[in-house]
>>> print(open('upload-v3.cif').read())   # mmCIF, C-alpha atoms
data_upload
#
loop_
_atom_site.label_atom_id
_atom_site.label_comp_id
_atom_site.auth_asym_id
_atom_site.auth_seq_id
_atom_site.Cartn_x
_atom_site.Cartn_y
_atom_site.Cartn_z
CA MET A 1 -10.50 0.08 32.64
CA ARG A 2 -9.69 -3.46 33.71
CA GLY A 3 -7.42 -5.66 31.63
CA ILE A 4 -8.91 -6.65 28.31
CA ASP A 5 -9.10 -10.32 27.44
CA PRO A 6 -6.72 -11.05 24.51
CA ALA A 7 -9.29 -13.51 23.12
CA SER A 8 -11.74 -10.62 22.79
CA LEU A 9 -9.15 -8.62 20.85
CA ASP A 10 -8.61 -11.65 18.60
CA CYS A 11 -12.36 -11.72 18.03
CA LEU A 12 -12.51 -8.02 17.11
CA ALA A 13 -9.59 -8.38 14.67
CA ALA A 14 -11.24 -11.41 13.05
CA LEU A 15 -14.50 -9.48 12.61
CA ALA A 16 -12.63 -6.55 11.06
CA ASP A 17 -10.73 -8.82 8.69
CA GLU A 18 -13.52 -11.17 7.69
CA GLY A 19 -16.45 -8.74 7.65
CA SER A 20 -19.01 -11.16 9.11
CA PHE A 21 -19.70 -13.21 12.22
CA ASP A 22 -19.76 -16.56 10.44
CA LYS A 23 -16.40 -16.03 8.73
CA ALA A 24 -14.86 -14.70 11.95
CA ALA A 25 -16.11 -17.80 13.77
CA ALA A 26 -14.61 -20.08 11.13
CA ARG A 27 -11.27 -18.29 11.36
CA LEU A 28 -11.19 -18.58 15.16
CA ALA A 29 -12.57 -22.14 15.12
CA ILE A 30 -15.39 -21.22 17.52
CA THR A 31 -19.15 -20.83 17.14
CA GLN A 32 -20.89 -17.66 15.96
CA SER A 33 -22.53 -17.51 19.37
CA ALA A 34 -19.11 -17.43 21.02
CA VAL A 35 -18.02 -14.61 18.71
CA SER A 36 -21.13 -12.61 19.64
CA GLN A 37 -20.57 -13.25 23.35
CA ARG A 38 -16.94 -12.10 23.21
CA LEU A 39 -17.88 -8.99 21.28
CA ARG A 40 -20.72 -8.11 23.70
CA ALA A 41 -18.38 -8.60 26.66
CA LEU A 42 -15.77 -6.33 25.08
CA GLU A 43 -18.37 -3.67 24.26
CA ALA A 44 -19.69 -3.83 27.83
CA GLN A 45 -16.16 -3.45 29.17
CA VAL A 46 -15.36 -0.32 27.15
CA GLY A 47 -18.91 1.04 27.41
CA GLN A 48 -19.23 1.71 23.68
CA PRO A 49 -20.38 -0.14 20.57
CA LEU A 50 -17.42 -1.42 18.59
CA VAL A 51 -19.04 -2.87 15.47
CA VAL A 52 -21.66 -1.57 13.06
CA ARG A 53 -23.68 -4.63 12.13
CA SER A 54 -23.83 -3.98 8.40
CA ARG A 55 -22.79 -6.06 5.38
CA PRO A 56 -19.86 -6.16 5.48
CA LEU A 57 -19.34 -5.31 9.13
CA ALA A 58 -17.69 -1.97 9.93
CA LEU A 59 -15.94 -0.77 13.04
CA THR A 60 -16.96 2.28 15.03
CA ALA A 61 -14.38 4.89 16.02
CA ALA A 62 -13.89 3.08 19.34
CA GLY A 63 -13.60 -0.22 17.50
CA LYS A 64 -10.80 1.17 15.34
CA VAL A 65 -8.91 2.25 18.46
CA LEU A 66 -9.15 -1.26 19.91
CA LEU A 67 -8.29 -2.81 16.55
CA ARG A 68 -5.02 -0.87 16.55
CA PHE A 69 -4.14 -2.32 19.95
CA ALA A 70 -5.24 -5.78 18.80
CA ARG A 71 -2.82 -5.57 15.86
CA GLN A 72 -0.04 -4.44 18.16
CA TRP A 73 -0.81 -7.25 20.61
CA HIS A 74 -0.61 -9.79 17.77
CA ALA A 75 2.76 -8.41 16.69
CA LEU A 76 4.08 -8.42 20.27
CA ARG A 77 2.85 -11.98 20.73
CA ALA A 78 4.68 -13.04 17.57
CA ASP A 79 7.84 -11.28 18.77
CA MET A 80 7.60 -13.02 22.14
CA ALA A 81 7.21 -16.42 20.50
CA ARG A 82 10.16 -15.75 18.19
CA GLU A 83 12.44 -14.72 21.07
CA LEU A 84 11.42 -17.79 23.06
CA GLY A 85 12.13 -20.02 20.10
CA ALA A 86 8.50 -21.05 19.73
CA ALA A 87 6.25 -20.92 16.68
CA ALA A 88 4.29 -17.70 16.26
CA ALA A 89 1.03 -19.68 15.98
CA GLY A 90 0.02 -18.39 12.57
CA ALA A 91 0.37 -14.70 13.44
CA ARG A 92 -0.50 -12.37 10.55
CA LEU A 93 1.24 -9.01 10.23
CA PRO A 94 -0.78 -6.73 7.91
CA ILE A 95 1.01 -3.90 6.12
CA ALA A 96 -0.24 -1.55 3.40
CA VAL A 97 1.72 -0.83 0.23
CA ASN A 98 1.01 0.99 -3.01
CA ALA A 99 0.44 -1.05 -6.15
CA ASP A 100 3.40 0.33 -8.12
CA SER A 101 5.87 -0.47 -5.33
CA LEU A 102 4.35 -3.94 -5.02
CA ALA A 103 4.80 -4.47 -8.76
CA THR A 104 8.44 -3.41 -8.74
CA TRP A 105 10.61 -3.54 -5.62
CA VAL A 106 8.56 -4.60 -2.57
CA LEU A 107 8.37 -8.37 -3.18
CA PRO A 108 12.15 -8.82 -3.63
CA ALA A 109 12.73 -6.59 -0.61
CA LEU A 110 10.47 -8.71 1.62
CA ASP A 111 11.48 -12.15 0.39
CA ASP A 112 13.89 -12.90 3.25
CA VAL A 113 11.29 -11.79 5.81
CA VAL A 114 8.63 -13.98 4.23
CA GLN A 115 10.97 -16.99 4.11
CA ALA A 116 11.80 -16.46 7.78
CA GLY A 117 8.09 -16.29 8.54
CA LEU A 118 7.57 -19.69 6.93
CA ARG A 119 10.10 -21.11 9.36
CA GLU A 120 8.97 -19.17 12.42
CA GLY A 121 5.20 -19.40 12.01
CA TYR A 122 4.15 -15.87 11.08
CA GLY A 123 3.06 -14.38 7.78
CA LEU A 124 2.75 -11.01 6.07
CA GLU A 125 -0.59 -9.79 4.80
CA LEU A 126 -0.28 -7.15 2.08
CA VAL A 127 -3.03 -4.55 1.71
CA VAL A 128 -2.87 -2.54 -1.52
CA ASP A 129 -4.00 1.06 -1.94
CA ASP A 130 -2.85 4.29 -3.54
CA GLN A 131 0.33 5.64 -1.94
CA ASP A 132 -1.57 8.74 -0.75
CA PHE A 133 -4.13 6.57 1.08
CA THR A 134 -2.17 3.70 2.64
CA HIS A 135 -1.48 5.92 5.68
CA GLU A 136 -5.19 5.96 6.49
CA TRP A 137 -5.11 2.18 6.92
CA LEU A 138 -2.39 2.67 9.55
CA ARG A 139 -4.20 5.52 11.30
CA GLN A 140 -7.36 3.43 11.60
CA GLY A 141 -5.45 0.47 13.03
CA ALA A 142 -6.16 -1.85 10.11
CA VAL A 143 -2.44 -2.41 9.45
CA LEU A 144 0.76 -2.28 11.48
CA GLY A 145 2.86 -0.44 8.91
CA CYS A 146 2.56 1.20 5.51
CA VAL A 147 4.48 2.51 2.52
CA THR A 148 3.12 5.99 1.90
CA THR A 149 3.83 9.50 0.62
CA VAL A 150 3.00 11.01 4.03
CA SER A 151 6.19 12.50 5.47
CA GLU A 152 5.10 13.09 9.09
CA ALA A 153 4.75 10.21 11.54
CA LEU A 154 1.64 9.61 13.59
CA ARG A 155 2.09 9.82 17.33
CA GLY A 156 3.47 6.49 18.47
CA CYS A 157 4.86 5.61 15.05
CA ALA A 158 8.37 5.46 13.61
CA LEU A 159 9.18 6.72 10.11
CA ARG A 160 11.91 5.84 7.60
CA PRO A 161 12.50 7.56 4.24
CA LEU A 162 12.61 4.95 1.48
CA GLY A 163 13.44 6.86 -1.68
CA VAL A 164 11.78 8.45 -4.69
CA MET A 165 9.86 6.80 -7.52
CA HIS A 166 10.01 8.86 -10.72
CA TYR A 167 6.99 8.60 -13.02
CA THR A 168 7.31 9.21 -16.75
CA ALA A 169 4.93 9.18 -19.73
CA VAL A 170 5.19 6.29 -22.19
CA ALA A 171 3.27 4.88 -25.13
CA SER A 172 3.73 2.16 -27.72
CA PRO A 173 5.56 2.99 -30.96
CA ALA A 174 2.39 2.15 -32.93
CA PHE A 175 0.32 4.51 -30.77
CA VAL A 176 2.87 7.28 -31.26
CA ARG A 177 2.87 6.81 -35.04
CA ALA A 178 -0.92 6.77 -35.25
CA HIS A 179 -1.85 9.47 -32.73
CA LEU A 180 1.26 11.49 -31.88
CA PRO A 181 3.36 11.79 -35.05
CA ARG A 182 4.66 15.16 -33.86
CA GLY A 183 4.86 14.12 -30.22
CA LEU A 184 2.76 14.86 -27.17
CA ALA A 185 2.32 18.60 -26.71
CA ARG A 186 0.22 21.26 -25.04
CA ASP A 187 -2.09 21.50 -28.06
CA ASN A 188 -2.92 17.80 -28.37
CA PHE A 189 -2.77 16.09 -24.94
CA ALA A 190 -6.52 16.57 -24.39
CA ARG A 191 -7.33 14.60 -27.55
CA VAL A 192 -5.48 11.40 -26.72
CA PRO A 193 -6.48 8.78 -24.13
CA PHE A 194 -4.46 8.47 -20.92
CA LEU A 195 -4.39 5.26 -18.94
CA VAL A 196 -5.43 5.69 -15.30
CA PHE A 197 -5.08 3.14 -12.51
CA ASN A 198 -8.31 4.07 -10.67
CA ARG A 199 -10.28 7.11 -9.58
CA LYS A 200 -7.79 7.91 -6.82
CA ASP A 201 -4.99 8.14 -9.39
CA ASP A 202 -4.04 11.66 -10.51
CA MET A 203 -0.50 10.91 -11.68
CA GLN A 204 -1.40 11.58 -15.32
CA ALA A 205 -2.76 15.04 -14.50
CA GLN A 206 0.34 15.77 -12.42
CA TRP A 207 2.60 14.80 -15.32
CA VAL A 208 0.68 16.92 -17.85
CA SER A 209 0.77 19.87 -15.44
CA ARG A 210 4.56 19.58 -15.09
CA ALA A 211 5.13 18.99 -18.80
CA PHE A 212 2.92 21.74 -20.21
CA GLY A 213 2.21 24.13 -17.35
CA VAL A 214 -1.53 23.42 -17.42
CA ALA A 215 -3.36 23.57 -14.10
CA ALA A 216 -6.02 20.90 -13.53
CA PRO A 217 -5.89 19.42 -17.05
CA ARG A 218 -8.91 17.50 -18.32
CA LEU A 219 -7.91 14.18 -19.83
CA GLN A 220 -9.55 11.34 -21.68
CA GLU A 221 -9.22 8.54 -19.13
CA ARG A 222 -9.15 4.77 -19.60
CA TYR A 223 -9.03 2.79 -16.36
CA VAL A 224 -6.70 -0.19 -15.96
CA PRO A 225 -6.62 -1.08 -12.22
CA SER A 226 -3.47 -3.24 -12.14
CA SER A 227 0.13 -2.04 -12.25
CA GLU A 228 1.30 -4.89 -14.44
CA ALA A 229 -1.74 -4.74 -16.74
CA TYR A 230 -1.40 -0.95 -16.90
CA VAL A 231 2.07 -1.18 -18.46
CA ARG A 232 0.92 -4.00 -20.72
CA ALA A 233 -2.03 -1.88 -21.91
CA ALA A 234 0.35 0.95 -22.76
CA ALA A 235 2.54 -1.46 -24.75
CA MET A 236 -0.58 -2.70 -26.57
CA GLY A 237 -1.40 0.83 -27.69
CA TRP A 238 -4.38 1.57 -25.46
CA GLY A 239 -3.16 5.06 -24.62
CA VAL A 240 -0.50 7.13 -22.88
CA GLY A 241 0.62 5.70 -19.56
CA VAL A 242 2.41 7.48 -16.73
CA ALA A 243 4.33 4.79 -14.88
CA PRO A 244 7.38 4.41 -12.63
CA TRP A 245 10.61 4.63 -14.61
CA ILE A 246 11.97 1.52 -12.87
CA GLN A 247 8.93 -0.40 -14.18
CA VAL A 248 9.14 0.69 -17.83
CA ARG A 249 12.86 1.27 -18.45
CA ASP A 250 13.46 -2.25 -19.79
CA ALA A 251 10.50 -1.94 -22.18
CA VAL A 252 11.83 1.43 -23.35
CA ALA A 253 15.27 -0.12 -23.91
CA ARG A 254 13.67 -2.95 -25.94
CA GLY A 255 11.63 -0.49 -27.98
CA THR A 256 8.22 -1.82 -26.94
CA LEU A 257 7.52 1.50 -25.23
CA VAL A 258 8.60 5.04 -26.07
CA ALA A 259 9.29 7.71 -23.44
CA LEU A 260 7.35 10.75 -24.63
CA ALA A 261 9.27 13.42 -22.71
CA PRO A 262 12.18 11.80 -20.85
CA ALA A 263 13.20 15.02 -19.12
CA VAL A 264 9.79 15.36 -17.43
CA THR A 265 9.11 13.12 -14.44
CA VAL A 266 6.86 13.28 -11.41
CA PRO A 267 8.91 12.44 -8.29
CA VAL A 268 7.02 10.57 -5.57
CA ALA A 269 8.86 10.35 -2.25
CA LEU A 270 7.99 7.22 -0.28
CA TYR A 271 8.21 6.56 3.48
CA TRP A 272 7.77 3.55 5.72
CA HIS A 273 5.62 4.10 8.83
CA GLN A 274 5.13 1.55 11.61
CA TRP A 275 3.73 1.44 15.10
CA GLN A 276 6.62 1.68 17.54
CA PHE A 277 6.70 -0.80 20.38
CA GLY A 278 8.98 -3.45 21.83
CA ALA A 279 12.39 -3.30 23.44
CA ALA A 280 15.12 -1.36 21.68
CA GLU A 281 17.65 -4.14 22.26
CA ALA A 282 15.42 -6.71 20.54
CA PRO A 283 14.24 -5.52 17.11
CA SER A 284 10.64 -6.46 16.51
CA LEU A 285 9.26 -8.22 13.46
CA LEU A 286 8.01 -4.82 12.29
CA ASP A 287 11.55 -3.47 12.64
CA ARG A 288 12.78 -6.34 10.47
CA ILE A 289 10.13 -5.52 7.86
CA GLY A 290 11.09 -1.85 7.92
CA THR A 291 14.78 -2.65 7.55
CA ALA A 292 14.08 -5.01 4.64
CA LEU A 293 11.98 -2.38 2.87
CA GLU A 294 14.62 0.28 3.48
CA ARG A 295 17.35 -1.89 1.97
CA GLY A 296 15.16 -2.98 -0.93
CA ALA A 297 14.16 0.58 -1.74
CA LEU A 298 17.79 1.71 -1.62
CA ALA A 299 18.75 -0.99 -4.13
CA ALA A 300 15.83 -0.24 -6.46
CA LEU A 301 15.29 3.50 -6.09
CA GLY A 302 18.62 4.82 -4.86
CA ALA A 303 19.25 6.85 -1.72
CA PRO A 304 16.39 9.08 -0.50
CA GLY A 305 16.78 12.48 -2.16
CA SER A 306 18.63 11.15 -5.21
CA VAL A 307 17.26 12.17 -8.61
CA PRO A 308 17.99 9.55 -11.27
CA VAL A 309 17.77 10.71 -14.87
CA ALA A 310 15.78 8.63 -17.34
CA ASP A 311 18.37 7.53 -19.89
CA THR A 312 15.87 7.08 -22.69
CA ALA A 313 17.71 8.60 -25.57
#
>>> encode(input="upload-v3.cif", output="structure tokens")
Amino acid sequence: MRGIDPASLDCLAALADEGSFDKAAARLAITQSAVSQRLRALEAQVGQPLVVRSRPLALTAAGKVLLRFARQWHALRADMARELGAAAAGARLPIAVNADSLATWVLPALDDVVQAGLREGYGLELVVDDQDFTHEWLRQGAVLGCVTTVSEALRGCALRPLGVMHYTAVASPAFVRAHLPRGLARDNFARVPFLVFNRKDDMQAQWVSRAFGVAAPRLQERYVPSSEAYVRAAAMGWGVGVAPWIQVRDAVARGTLVALAPAVTVPVALYWHQWQFGAAEAPSLLDRIGTALERGALAALGAPGSVPVADTA
């Protein structure tokens, strides 16, 4: 295959991000006709369709392969500009993170990287998904790195252990008085509502299984699809929440939340994955992101493998 035109890769990435030809054209500051021409030329070059013309647009399997290389090219281009002392021309580096990490330790960890990007002309784009699913974004080429529970690296990727988030069950004092005067137990958990982030979230079932030895428990579920709102809903008495200890420990200390069984936690080991490219002697922007996340996780979660105890007494 002959060399692929970088402008065509830019076009494919814009179509994947924006989901339509008109929005991709606006992002690239070209006409829709030019977008179509670049896409047709790229499809002719690889001999396969790359885009499913639906609403929104979707990429074919071949399109996802090229998207991965487009993302890597964008990151390499930003690295080259940075090393040459030039602006990175608005380069965007997409990474996927889970909502609970984003709500607790990820933003402080990435602050220095983001501030450097403001000076150097690149920016982070955060994609949010469940920690068990962020890895799929990386595999499909939609992002350059991800925070995930997957412990084995894809071929061509580097992996760093980040630490463990421990999830514990909490509820408001008023909810406990009204619905759990004798505490949460095997004989009553099915009768009280549990707060659930979304339909991918099974943390509540995992916690009940660990606490009471019940396989595949059936719960009354109330969906609150925001990490911050989830904890707020628990404090308002909407139901039992199962949240990261680092997110609720201050509320427990203040008495606005009660830990229902402090000794029972669900440990979730997190890892950083990134596509590996660039010279070893010159750390890439992705390397800088990975290092920042590693340091931030160490400060917030402790060393990988450590098991903090919830001091809720």
>>> resolve_selection(input="upload-v3.cif", expression="the PyMOL selection byres ((chain A and resi 28) around 12)", output="list in words")
Ala7, Ser8, Leu9, Asp10, Cys11, Leu12, Ala13, Ala14, Leu15, Asp17, Glu18, Phe21, Asp22, Lys23, Ala24, Ala25, Ala26, Arg27, Ala29, Ile30, Thr31, Gln32, Ala34, Val35, Arg38 and Gly90 of chain A
>>> residues_near_point(input="upload-v3.cif", point="(5.9, 4.6, -32.1)", cutoff="10 Å", atoms="all atoms listed in the file", output="list of chain:residue names")
A:Ala171, A:Ser172, A:Pro173, A:Ala174, A:Phe175, A:Val176, A:Arg177, A:Ala178, A:His179, A:Leu180, A:Pro181, A:Gly183, A:Gly237, A:Gly255, A:Thr256, A:Leu257, A:Val258, A:Ala259, A:Leu260
>>> atom_distance(input="upload-v3.cif", atom1="CA of Val214 in chain A", atom2="CA of Phe133 in chain A")
25.2 Å
>>> residues_around(input="upload-v3.cif", residues="Thr149 in chain A", least_positions_apart="2", cutoff="9 Å", atoms="only C-alpha atoms", output="PyMOL selection string")
chain A and resi 131-135+147+151+268-272
>>> write_last_selection(input="upload-v3.cif", atoms="C-alpha atoms", output="short mmCIF file (atom, residue, chain, number, x, y, z; two decimals), in the coordinates of the input")
data_model
loop_
_atom_site.label_atom_id
_atom_site.label_comp_id
_atom_site.auth_asym_id
_atom_site.auth_seq_id
_atom_site.Cartn_x
_atom_site.Cartn_y
_atom_site.Cartn_z
CA GLN A 131 0.33 5.64 -1.94
CA ASP A 132 -1.57 8.74 -0.75
CA PHE A 133 -4.13 6.57 1.08
CA THR A 134 -2.17 3.70 2.64
CA HIS A 135 -1.48 5.92 5.68
CA VAL A 147 4.48 2.51 2.52
CA SER A 151 6.19 12.50 5.47
CA VAL A 268 7.02 10.57 -5.57
CA ALA A 269 8.86 10.35 -2.25
CA LEU A 270 7.99 7.22 -0.28
CA TYR A 271 8.21 6.56 3.48
CA TRP A 272 7.77 3.55 5.72
#
>>> closest_residue(input="upload-v3.cif", among="A:Arg210, A:Arg199, A:Arg160, A:Arg71", to="Thr148 in chain A", atoms="only C-alpha atoms")
A:Arg160
>>> closest_residue(input="upload-v3.cif", among="A:Gln276, A:Asn98, A:Thr104, A:Ser54", to="Cys146 in chain A", atoms="only C-alpha atoms")
A:Asn98
>>> atom_distance(input="upload-v3.cif", atom1="CA of Ala58 in chain A", atom2="CA of Arg77 in chain A")
25.3 Å
>>> residues_around(input="upload-v3.cif", residues="Ser101 in chain A", least_positions_apart="4", cutoff="10 Å", atoms="only C-alpha atoms", output="ChimeraX atom specification")
/A:97,105-107,128,131,147,165,227,244,246-247,270,297
>>> residues_around(input="upload-v3.cif", residues="Asn198 in chain A", least_positions_apart="2", cutoff="6 Å", atoms="all atoms listed in the file", output="NGL selection string")
:A and (196 or 200-201 or 223 or 225)
>>> write_last_selection(input="upload-v3.cif", atoms="C-alpha atoms", output="PDB file, in the coordinates of the input")
ATOM      1  CA  VAL A 196      -5.430   5.690 -15.300  1.00  0.00           C
ATOM      2  CA  LYS A 200      -7.790   7.910  -6.820  1.00  0.00           C
ATOM      3  CA  ASP A 201      -4.990   8.140  -9.390  1.00  0.00           C
ATOM      4  CA  TYR A 223      -9.030   2.790 -16.360  1.00  0.00           C
ATOM      5  CA  PRO A 225      -6.620  -1.080 -12.220  1.00  0.00           C
TER       6      PRO A 225
END
>>> residues_around(input="upload-v3.cif", residues="Gly63 in chain A", least_positions_apart="6", cutoff="8 Å", atoms="all atoms listed in the file", output="list in words")
Leu12, Pro49, Leu50 and Val51 of chain A
>>> write_last_selection(input="upload-v3.cif", atoms="C-alpha atoms", output="short mmCIF file (atom, residue, chain, number, x, y, z; two decimals), in the coordinates of the input")
data_model
loop_
_atom_site.label_atom_id
_atom_site.label_comp_id
_atom_site.auth_asym_id
_atom_site.auth_seq_id
_atom_site.Cartn_x
_atom_site.Cartn_y
_atom_site.Cartn_z
CA LEU A 12 -12.51 -8.02 17.11
CA PRO A 49 -20.38 -0.14 20.57
CA LEU A 50 -17.42 -1.42 18.59
CA VAL A 51 -19.04 -2.87 15.47
#
>>> closest_residue(input="upload-v3.cif", among="A:Ala103, A:Ala243, A:Leu298, A:Ile289", to="Gln206 in chain A", atoms="all atoms listed in the file")
A:Ala243
>>> atom_distance(input="upload-v3.cif", atom1="CA of Leu93 in chain A", atom2="CA of Val127 in chain A")
10.5 Å
>>> resolve_selection(input="upload-v3.cif", expression="the PyMOL selection byres ((chain A and resi 205) around 10)", output="PyMOL selection string")
chain A and resi 194+196+201-204+206-211+214-219+242
>>> write_last_selection(input="upload-v3.cif", atoms="C-alpha atoms", output="PDB file, in the coordinates of the input")
ATOM      1  CA  PHE A 194      -4.460   8.470 -20.920  1.00  0.00           C
ATOM      2  CA  VAL A 196      -5.430   5.690 -15.300  1.00  0.00           C
ATOM      3  CA  ASP A 201      -4.990   8.140  -9.390  1.00  0.00           C
ATOM      4  CA  ASP A 202      -4.040  11.660 -10.510  1.00  0.00           C
ATOM      5  CA  MET A 203      -0.500  10.910 -11.680  1.00  0.00           C
ATOM      6  CA  GLN A 204      -1.400  11.580 -15.320  1.00  0.00           C
ATOM      7  CA  GLN A 206       0.340  15.770 -12.420  1.00  0.00           C
ATOM      8  CA  TRP A 207       2.600  14.800 -15.320  1.00  0.00           C
ATOM      9  CA  VAL A 208       0.680  16.920 -17.850  1.00  0.00           C
ATOM     10  CA  SER A 209       0.770  19.870 -15.440  1.00  0.00           C
ATOM     11  CA  ARG A 210       4.560  19.580 -15.090  1.00  0.00           C
ATOM     12  CA  ALA A 211       5.130  18.990 -18.800  1.00  0.00           C
ATOM     13  CA  VAL A 214      -1.530  23.420 -17.420  1.00  0.00           C
ATOM     14  CA  ALA A 215      -3.360  23.570 -14.100  1.00  0.00           C
ATOM     15  CA  ALA A 216      -6.020  20.900 -13.530  1.00  0.00           C
ATOM     16  CA  PRO A 217      -5.890  19.420 -17.050  1.00  0.00           C
ATOM     17  CA  ARG A 218      -8.910  17.500 -18.320  1.00  0.00           C
ATOM     18  CA  LEU A 219      -7.910  14.180 -19.830  1.00  0.00           C
ATOM     19  CA  VAL A 242       2.410   7.480 -16.730  1.00  0.00           C
TER      20      VAL A 242
END
>>> resolve_selection(input="upload-v3.cif", expression="the PyMOL selection byres ((chain A and resi 193) around 7)", output="list of chain:residue names")
A:Arg191, A:Val192, A:Phe194, A:Leu195, A:Gln220, A:Glu221, A:Arg222, A:Gly239, A:Val240
>>> residues_around(input="upload-v3.cif", residues="Val65 in chain A", least_positions_apart="6", cutoff="10 Å", atoms="all atoms listed in the file", output="list in words")
Leu50, Leu59, Arg139, Gln140, Gly141 and Ala142 of chain A
>>> closest_residue(input="upload-v3.cif", among="A:Gln45, A:Gln115, A:Ser36, A:Ser20", to="Gly3 in chain A", atoms="all atoms listed in the file")
A:Gln45
>>> decode(input="upload-v3.cif", residues="range 65-87 of chain A", atoms="C-alpha atoms", output="compact mmCIF listing (two decimals), in the first residue's frame")
# COMPACT_ATOMS: atom_id res chain seq x y z
CA VAL A 65 -7.96 0.20 12.04
CA LEU A 66 -7.17 3.40 10.14
CA LEU A 67 -8.67 5.53 12.91
CA ARG A 68 -6.19 4.00 15.35
CA PHE A 69 -3.31 5.01 13.09
CA ALA A 70 -4.86 8.46 12.60
CA ARG A 71 -4.91 8.97 16.38
CA GLN A 72 -1.31 7.83 16.63
CA TRP A 73 -0.29 10.13 13.78
CA HIS A 74 -1.94 13.08 15.54
CA ALA A 75 -0.08 12.27 18.76
CA LEU A 76 3.24 11.90 16.92
CA ARG A 77 2.63 15.18 15.12
CA ALA A 78 2.00 16.91 18.44
CA ASP A 79 5.17 15.36 19.89
CA MET A 80 7.18 16.53 16.88
CA ALA A 81 5.86 20.08 17.22
CA ARG A 82 6.61 20.11 20.94
CA GLU A 83 10.20 18.91 20.44
CA LEU A 84 10.74 21.52 17.71
CA GLY A 85 9.40 24.24 19.96
CA ALA A 86 6.40 24.88 17.74
CA ALA A 87 2.71 24.96 18.61
